[in-house]
Amino acid sequence: MNTTQVRHSGVALSEAVKLLSLRSSGWLLATTALLILGLGAFTAIGTTMADIPTPEGVTFDPVGGSLTGISAAELVAGALGGLFVTGEYATHMVRSTFSAVPRRWPVVAAKALVVAVAIFLVAAASTLLAFAASALVLGGHGLSLSLGDPGVLRALLGSAMYLALIGVFGVALGWLLRSTAGVLTALVGLLYVLPIVGVLLPRPVSQHIIPFLPNNAGTAVMQFAPSALLPPWVGLALFTAYALLTLAIAALVILRHDA
Amino acid sequence: MIQARALTKRYGRTPAVEDLSFTVRPGVVTGFLGPNGAGKSTTMRMVMGLDRPSSGEVSVGGRALKDHAAPLRVVGALLDSGAMHVNRSASHHLLALALTNSIPRARVEEVIAAVGLTAVARHRVGTFSLGMRQRLGVAAALLGDPEVLLLDEPVNGLDPEGILWIRQLLRRLAGEGRTVFVSSHLMSEMELTADHLVIIGRGRLLADLSMTAITASARPCVVIRSPQAPALREVLERAGAAVSAPAADELSVTGLTGPQVAQAALDHGLLVQELRTATTSLEDAYLKLTRGDVQYATAQDDLPDRKAAR
């Protein structure tokens, strides 16, 4: 019994039990998978029904539209992370949590890790499955998609990492705002409003800002043709830095707060 | 052992706890008594490191809680009954807490059985009654087999059987040499369980003393009913007694015994219709102590002096 102590592995395991023992987590993860699979398959089928021959020189989407669902799934992934934290405040569970781990920051780290891993596993399986479905549908119409094509695997797994990081954002925002409504508002601002604001900026300024906006940096990992965005992995690395920075700020803030 | 030194907590300018110093010792049940809003819960949250004191400090087992390798082994707390997620089962709630401090999984089943929740261990906490949640909270407090137990209003929402169970549990834990700190706003509850009392009002320490000291201070008095009360009062006061008149035909006398009062009345030919001895109840002592410090008093200038026990 004298081996009893707070260990990071124990705190991570504890948070995994917490996440998986809530029915809402299951629903949100299933919704993430359904959005990726459903919208991906829908796009692939839509492409075949339009039956437009691809003109010479026009590059065809090498993942066959299987990542269409990401822009919808990202809000669900963020909500999962946010709810995982705000649910503890709403029920005062956080007091039990911090009584067991009074240093608090191991909890902040563990929650982010657990949410990221759960989302990544579900999202990666979903994007791979969506791609397989697209390949099947489009293959019947003479368009061959291959996992070995340049950038395909990177885009499929990279988009899963992007969703996982949005989950981390959700967790960080949850600690900072402590309210589900607040987290959802902040996520919509981050994911959908900020990119629009970037486009509305005057031309010469916007070119230097747009690629560095969190959402644009994160989605760069899904691009195929050269664009105004950052290179894929550079963009994702920057997005990772944004997420971890927000998480670090959250850890500092809650150390000073009353639970 | 819990030691608070000059503990102060202010919310903006409003002080919730002010300059509070006390020590809670092992082996006895220490009651933490005060009216609603006196700062009991705030103090308990500061002991648990959940709220940051504005100034002052508090230690558990010799140091701040966060400096212990396994906090759940040091102190177990039942805070407000809601410190648990309503959509999680009782056993998952306890398992999640146990894992953080590397407490063996078998201990979860043990504490669930100890509080009598085995049958509903897999049910969602949201389906529990307040009393069941209190039991689960007690299970969580016992999880790490801690040296110090801190319970905020544990009898809230419990049925008579549950209240009895809590009382026996507190006595047993103290008997095992543990430090037991339990808050309540009811003196009558503390009277039955506590060996020592820390009493606060409006965030300030009012008293820190043993139950025996309080019992000893509750002086016996004689209550008499007489149609000639004013005359009798004069006689008794001349004999050196302290007398008050709760009603027109009633006197409350301290400083003389029942037979002495009766003899004095007979000597002066005064009629006594009723005579009984009574002791000031602890409840009255407590009310007196906290009267000026009740934050939400009823709209009554002064409660009638209730020296005589009901």
# chains A, B, ... in the order shown; residues from 1 in each chain; ligands from 1
>>> residues_around(residues="Glu283 of chain B", least_positions_apart="3", cutoff="10 Å", atoms="only C-alpha atoms", output="list in words")
Leu186, Met187, Ser188, Glu189, Met190, Glu191, Thr280, Tyr286, Leu287, Lys288, Leu289 and Ala309 of chain B
>>> closest_atom_pairs(of="chain A", to="chain B", cutoff="9 Å", atoms="only C-alpha atoms", output="CSV")
residue,atom,partner,partner_atom,distance
A:Met1,CA,B:Ile103,CA,7.8
A:Thr3,CA,B:Ser102,CA,7.5
A:Thr4,CA,B:Ser102,CA,5.2
A:Gln5,CA,B:Ala70,CA,4.1
A:Val6,CA,B:Asn101,CA,4.4
A:Arg7,CA,B:Thr100,CA,6.7
A:His8,CA,B:Thr100,CA,7.9
A:Ser9,CA,B:Thr100,CA,8.3
A:Gly10,CA,B:Thr100,CA,4.8
A:Val11,CA,B:Thr100,CA,4.5
A:Ala12,CA,B:Thr100,CA,7.9
A:Leu13,CA,B:Leu99,CA,6.7
A:Ser14,CA,B:Ala96,CA,4.4
A:Glu15,CA,B:Ala96,CA,6.9
A:Ala16,CA,B:Ala96,CA,8.4
A:Val17,CA,B:Ala96,CA,6.0
A:Lys18,CA,B:Ala96,CA,6.2
A:Ser21,CA,B:Arg88,CA,6.0
A:Leu22,CA,B:Arg88,CA,5.8
A:Arg23,CA,B:Asn87,CA,7.3
A:Ser24,CA,B:Asn87,CA,8.6
A:Gly87,CA,B:His85,CA,7.4
A:Glu88,CA,B:His85,CA,6.6
A:Ala90,CA,B:His85,CA,8.5
A:Thr91,CA,B:His85,CA,5.4
A:His92,CA,B:Ala83,CA,4.5
A:Met93,CA,B:Met84,CA,4.2
A:Val94,CA,B:Ala83,CA,7.0
A:Arg95,CA,B:Ala83,CA,6.0
A:Ser96,CA,B:Ala83,CA,5.8
A:Thr97,CA,B:Leu97,CA,7.0
A:Phe98,CA,B:Leu50,CA,7.0
A:Ser99,CA,B:Met48,CA,6.2
A:Ala100,CA,B:Leu72,CA,5.6
A:Val101,CA,B:Pro71,CA,7.0
A:Pro102,CA,B:Lys66,CA,4.9
A:Arg103,CA,B:Lys66,CA,5.6
A:Arg104,CA,B:Lys66,CA,9.0
A:Arg256,CA,B:Arg52,CA,7.4
A:His257,CA,B:Asp51,CA,7.3
A:Asp258,CA,B:Asp51,CA,4.3
A:Ala259,CA,B:Leu50,CA,5.2
>>> write_last_selection(atoms="C-alpha atoms", output="mmCIF file, in the first residue's frame")
data_model
loop_
_atom_site.group_PDB
_atom_site.id
_atom_site.type_symbol
_atom_site.label_atom_id
_atom_site.label_comp_id
_atom_site.auth_asym_id
_atom_site.auth_seq_id
_atom_site.Cartn_x
_atom_site.Cartn_y
_atom_site.Cartn_z
ATOM 1 C CA MET A 1 0.000 0.000 0.000
ATOM 2 C CA THR A 3 3.265 2.520 -3.306
ATOM 3 C CA THR A 4 0.148 4.642 -3.221
ATOM 4 C CA GLN A 5 0.864 7.951 -4.917
ATOM 5 C CA VAL A 6 -0.230 10.266 -7.673
ATOM 6 C CA ARG A 7 1.283 9.044 -10.934
ATOM 7 C CA HIS A 8 0.779 10.540 -14.367
ATOM 8 C CA SER A 9 -0.121 7.131 -15.766
ATOM 9 C CA GLY A 10 -2.760 6.760 -13.055
ATOM 10 C CA VAL A 11 -4.221 10.201 -13.701
ATOM 11 C CA ALA A 12 -4.353 9.464 -17.451
ATOM 12 C CA LEU A 13 -6.056 6.123 -16.776
ATOM 13 C CA SER A 14 -8.496 7.857 -14.445
ATOM 14 C CA GLU A 15 -9.418 10.372 -17.133
ATOM 15 C CA ALA A 16 -9.835 7.550 -19.668
ATOM 16 C CA VAL A 17 -12.304 5.852 -17.296
ATOM 17 C CA LYS A 18 -14.100 9.168 -16.849
ATOM 18 C CA SER A 21 -17.986 6.011 -18.575
ATOM 19 C CA LEU A 22 -20.034 8.964 -19.832
ATOM 20 C CA ARG A 23 -22.713 8.178 -22.369
ATOM 21 C CA SER A 24 -22.328 11.640 -23.934
ATOM 22 C CA GLY A 87 -19.370 18.739 -17.145
ATOM 23 C CA GLU A 88 -17.042 18.552 -14.141
ATOM 24 C CA ALA A 90 -21.485 21.846 -13.701
ATOM 25 C CA THR A 91 -21.636 18.835 -11.347
ATOM 26 C CA HIS A 92 -18.835 20.031 -8.998
ATOM 27 C CA MET A 93 -17.033 16.767 -9.815
ATOM 28 C CA VAL A 94 -13.979 18.970 -10.305
ATOM 29 C CA ARG A 95 -13.755 19.335 -6.514
ATOM 30 C CA SER A 96 -13.366 15.578 -6.095
ATOM 31 C CA THR A 97 -10.870 15.539 -8.951
ATOM 32 C CA PHE A 98 -8.708 18.317 -7.531
ATOM 33 C CA SER A 99 -8.929 16.894 -4.008
ATOM 34 C CA ALA A 100 -7.320 13.719 -5.356
ATOM 35 C CA VAL A 101 -4.790 15.593 -7.499
ATOM 36 C CA PRO A 102 -4.249 18.964 -5.792
ATOM 37 C CA ARG A 103 -1.421 19.930 -8.139
ATOM 38 C CA ARG A 104 -4.118 20.094 -10.821
ATOM 39 C CA ARG A 256 -5.045 30.303 -9.320
ATOM 40 C CA HIS A 257 -8.792 29.738 -9.470
ATOM 41 C CA ASP A 258 -11.076 28.438 -6.736
ATOM 42 C CA ALA A 259 -12.539 25.096 -7.756
#
>>> closest_residue(among="B:Pro26, B:Gly61, B:Gly31, B:Pro15", to="Glu153 of chain B", atoms="only C-alpha atoms")
B:Gly31
>>> atom_distance(atom1="atom CA of Gly34 of chain B", atom2="atom CA of Ser252 of chain B")
27.7 Å
>>> select_by_dssp(residues="segment 23-142 of chain B", states="strand (DSSP E or B)", output="PyMOL selection string")
chain B and resi 23-24+29-33+55-60+63+75-78+89+124
>>> residues_around(residues="Trp165 of chain B", least_positions_apart="3", cutoff="12 Å", atoms="only C-alpha atoms", output="PyMOL selection string")
chain B and resi 114-116+131+134-135+138+154-155+158-162+168-172+193
>>> write_last_selection(atoms="N, CA and C atoms", output="PDB file, in the first residue's frame")
ATOM      1  N   ALA B 114     -19.037  -1.094   2.184  1.00  0.00           N
ATOM      2  CA  ALA B 114     -19.026  -0.485   3.519  1.00  0.00           C
ATOM      3  C   ALA B 114     -20.143   0.553   3.689  1.00  0.00           C
ATOM      4  N   VAL B 115     -20.537   1.227   2.603  1.00  0.00           N
ATOM      5  CA  VAL B 115     -21.600   2.228   2.725  1.00  0.00           C
ATOM      6  C   VAL B 115     -22.952   1.667   2.275  1.00  0.00           C
ATOM      7  N   GLY B 116     -22.960   0.383   1.917  1.00  0.00           N
ATOM      8  CA  GLY B 116     -24.227  -0.273   1.585  1.00  0.00           C
ATOM      9  C   GLY B 116     -24.799   0.081   0.228  1.00  0.00           C
ATOM     10  N   GLY B 131     -29.716  10.987   0.031  1.00  0.00           N
ATOM     11  CA  GLY B 131     -29.099  10.132   1.035  1.00  0.00           C
ATOM     12  C   GLY B 131     -28.107   9.149   0.426  1.00  0.00           C
ATOM     13  N   GLN B 134     -24.992  10.961  -0.434  1.00  0.00           N
ATOM     14  CA  GLN B 134     -24.177  11.189   0.762  1.00  0.00           C
ATOM     15  C   GLN B 134     -23.370   9.935   1.077  1.00  0.00           C
ATOM     16  N   ARG B 135     -24.001   8.779   0.952  1.00  0.00           N
ATOM     17  CA  ARG B 135     -23.296   7.522   1.210  1.00  0.00           C
ATOM     18  C   ARG B 135     -22.152   7.340   0.220  1.00  0.00           C
ATOM     19  N   VAL B 138     -19.353   9.531   1.195  1.00  0.00           N
ATOM     20  CA  VAL B 138     -18.616   8.955   2.325  1.00  0.00           C
ATOM     21  C   VAL B 138     -17.682   7.850   1.815  1.00  0.00           C
ATOM     22  N   PRO B 154     -22.588  16.004   6.888  1.00  0.00           N
ATOM     23  CA  PRO B 154     -22.814  14.645   6.373  1.00  0.00           C
ATOM     24  C   PRO B 154     -24.225  14.116   6.594  1.00  0.00           C
ATOM     25  N   VAL B 155     -24.958  14.630   7.582  1.00  0.00           N
ATOM     26  CA  VAL B 155     -26.288  14.056   7.850  1.00  0.00           C
ATOM     27  C   VAL B 155     -27.382  14.680   6.981  1.00  0.00           C
ATOM     28  N   LEU B 158     -30.111  12.568   5.007  1.00  0.00           N
ATOM     29  CA  LEU B 158     -30.126  11.167   5.430  1.00  0.00           C
ATOM     30  C   LEU B 158     -31.388  10.855   6.225  1.00  0.00           C
ATOM     31  N   ASP B 159     -31.847   9.619   6.095  1.00  0.00           N
ATOM     32  CA  ASP B 159     -32.982   9.177   6.900  1.00  0.00           C
ATOM     33  C   ASP B 159     -32.458   8.818   8.291  1.00  0.00           C
ATOM     34  N   PRO B 160     -33.359   8.612   9.264  1.00  0.00           N
ATOM     35  CA  PRO B 160     -32.917   8.353  10.643  1.00  0.00           C
ATOM     36  C   PRO B 160     -31.884   7.241  10.745  1.00  0.00           C
ATOM     37  N   GLU B 161     -32.077   6.192   9.950  1.00  0.00           N
ATOM     38  CA  GLU B 161     -31.129   5.084   9.987  1.00  0.00           C
ATOM     39  C   GLU B 161     -29.759   5.549   9.492  1.00  0.00           C
ATOM     40  N   GLY B 162     -29.771   6.369   8.436  1.00  0.00           N
ATOM     41  CA  GLY B 162     -28.529   6.894   7.881  1.00  0.00           C
ATOM     42  C   GLY B 162     -27.813   7.811   8.864  1.00  0.00           C
ATOM     43  N   GLN B 168     -22.284   6.608  14.223  1.00  0.00           N
ATOM     44  CA  GLN B 168     -21.460   5.472  14.636  1.00  0.00           C
ATOM     45  C   GLN B 168     -20.155   5.428  13.847  1.00  0.00           C
ATOM     46  N   LEU B 169     -20.250   5.762  12.551  1.00  0.00           N
ATOM     47  CA  LEU B 169     -19.060   5.771  11.702  1.00  0.00           C
ATOM     48  C   LEU B 169     -18.039   6.797  12.205  1.00  0.00           C
ATOM     49  N   LEU B 170     -18.513   8.001  12.518  1.00  0.00           N
ATOM     50  CA  LEU B 170     -17.623   9.059  12.993  1.00  0.00           C
ATOM     51  C   LEU B 170     -16.927   8.647  14.284  1.00  0.00           C
ATOM     52  N   ARG B 171     -17.719   8.052  15.205  1.00  0.00           N
ATOM     53  CA  ARG B 171     -17.150   7.616  16.475  1.00  0.00           C
ATOM     54  C   ARG B 171     -16.104   6.525  16.256  1.00  0.00           C
ATOM     55  N   ARG B 172     -16.421   5.605  15.337  1.00  0.00           N
ATOM     56  CA  ARG B 172     -15.492   4.503  15.087  1.00  0.00           C
ATOM     57  C   ARG B 172     -14.183   5.021  14.477  1.00  0.00           C
ATOM     58  N   THR B 193     -22.317  13.613  18.829  1.00  0.00           N
ATOM     59  CA  THR B 193     -21.157  12.990  18.191  1.00  0.00           C
ATOM     60  C   THR B 193     -19.815  13.612  18.564  1.00  0.00           C
TER      61      THR B 193
END
>>> select_by_dssp(residues="segment 12-188 of chain A", states="helix (DSSP H, G or I)", output="PyMOL selection string")
chain A and resi 12-20+23-50+70-90+93-100+105-139+152-177+180-188
>>> residues_around(residues="Thr14 of chain B", least_positions_apart="5", cutoff="12 Å", atoms="only C-alpha atoms", output="list in words")
Thr8, Lys9, Gly39, Ser54, Arg202 and Gly203 of chain B
>>> write_last_selection(atoms="N, CA, C and O atoms", output="compact mmCIF listing (two decimals), in the first residue's frame")
# COMPACT_ATOMS: atom_id res chain seq x y z
N THR B 8 -7.84 33.43 6.09
CA THR B 8 -8.75 34.50 5.69
C THR B 8 -9.14 34.31 4.24
O THR B 8 -8.31 33.96 3.40
N LYS B 9 -10.43 34.48 3.96
CA LYS B 9 -10.89 34.42 2.57
C LYS B 9 -11.87 35.55 2.33
O LYS B 9 -12.88 35.67 3.01
N GLY B 39 -19.25 30.44 7.07
CA GLY B 39 -17.95 30.22 6.45
C GLY B 39 -17.40 28.81 6.64
O GLY B 39 -16.23 28.56 6.39
N SER B 54 -7.13 34.10 0.98
CA SER B 54 -6.64 35.44 0.67
C SER B 54 -5.36 35.69 1.46
O SER B 54 -4.45 36.37 1.00
N ARG B 202 -20.02 34.37 11.24
CA ARG B 202 -19.56 35.38 10.30
C ARG B 202 -18.07 35.27 9.99
O ARG B 202 -17.35 36.26 9.94
N GLY B 203 -17.61 34.04 9.84
CA GLY B 203 -16.23 33.83 9.44
C GLY B 203 -15.20 33.95 10.53
O GLY B 203 -14.01 33.78 10.29
>>> atom_distance(atom1="atom CA of Val114 of chain A", atom2="atom CA of Met161 of chain A")
13.3 Å
>>> atom_distance(atom1="atom CA of Asn156 of chain B", atom2="atom CA of Ala121 of chain B")
21.3 Å
>>> residues_around(residues="Leu245 of chain A", least_positions_apart="4", cutoff="12 Å", atoms="only C-alpha atoms", output="list of chain:residue names")
A:Leu165, A:Val168, A:Phe169, A:Ala172, A:Leu173, A:Pro214, A:Leu238, A:Phe239, A:Thr240, A:Ala241, A:Ile249, A:Ala250, A:Ala251, A:Leu252
>>> residues_around(residues="segment 215-222 of chain A", least_positions_apart="4", cutoff="7 Å", atoms="only C-alpha atoms", output="list in words")
Ala155, Gly158, Ser159, Tyr162, Leu191, Pro195, Ile210, Pro211, Leu229, Leu230, Pro231, Pro232, Trp233, Gly235, Leu236, Leu238 and Phe239 of chain A
>>> decode(residues="segment 262-275 of chain B", atoms="N, CA and C atoms", output="short mmCIF file (atom, residue, chain, number, x, y, z; two decimals), in the first residue's frame")
data_model
loop_
_atom_site.label_atom_id
_atom_site.label_comp_id
_atom_site.auth_asym_id
_atom_site.auth_seq_id
_atom_site.Cartn_x
_atom_site.Cartn_y
_atom_site.Cartn_z
N ALA B 262 -37.70 26.75 47.71
CA ALA B 262 -38.96 26.37 48.35
C ALA B 262 -39.01 26.87 49.80
N GLN B 263 -37.87 26.70 50.51
CA GLN B 263 -37.78 27.15 51.90
C GLN B 263 -37.99 28.66 52.01
N ALA B 264 -37.35 29.41 51.09
CA ALA B 264 -37.45 30.86 51.10
C ALA B 264 -38.89 31.31 50.91
N ALA B 265 -39.60 30.61 49.99
CA ALA B 265 -40.99 30.95 49.71
C ALA B 265 -41.87 30.69 50.94
N LEU B 266 -41.61 29.54 51.58
CA LEU B 266 -42.38 29.18 52.77
C LEU B 266 -42.15 30.18 53.89
N ASP B 267 -40.85 30.56 54.10
CA ASP B 267 -40.49 31.51 55.15
C ASP B 267 -41.24 32.83 55.03
N HIS B 268 -41.52 33.23 53.76
CA HIS B 268 -42.20 34.51 53.55
C HIS B 268 -43.67 34.34 53.23
N GLY B 269 -44.18 33.13 53.37
CA GLY B 269 -45.60 32.88 53.18
C GLY B 269 -46.08 33.13 51.76
N LEU B 270 -45.20 32.83 50.78
CA LEU B 270 -45.58 33.05 49.38
C LEU B 270 -45.97 31.73 48.74
N LEU B 271 -46.99 31.79 47.85
CA LEU B 271 -47.51 30.57 47.23
C LEU B 271 -46.68 30.17 46.00
N VAL B 272 -46.25 28.91 45.99
CA VAL B 272 -45.56 28.37 44.81
C VAL B 272 -46.46 27.31 44.18
N GLN B 273 -46.80 27.52 42.89
CA GLN B 273 -47.71 26.58 42.24
C GLN B 273 -46.95 25.49 41.47
N GLU B 274 -45.71 25.82 41.12
CA GLU B 274 -44.93 24.85 40.36
C GLU B 274 -43.46 25.12 40.61
N LEU B 275 -42.69 24.05 40.76
CA LEU B 275 -41.25 24.23 40.95
C LEU B 275 -40.53 23.08 40.26
#
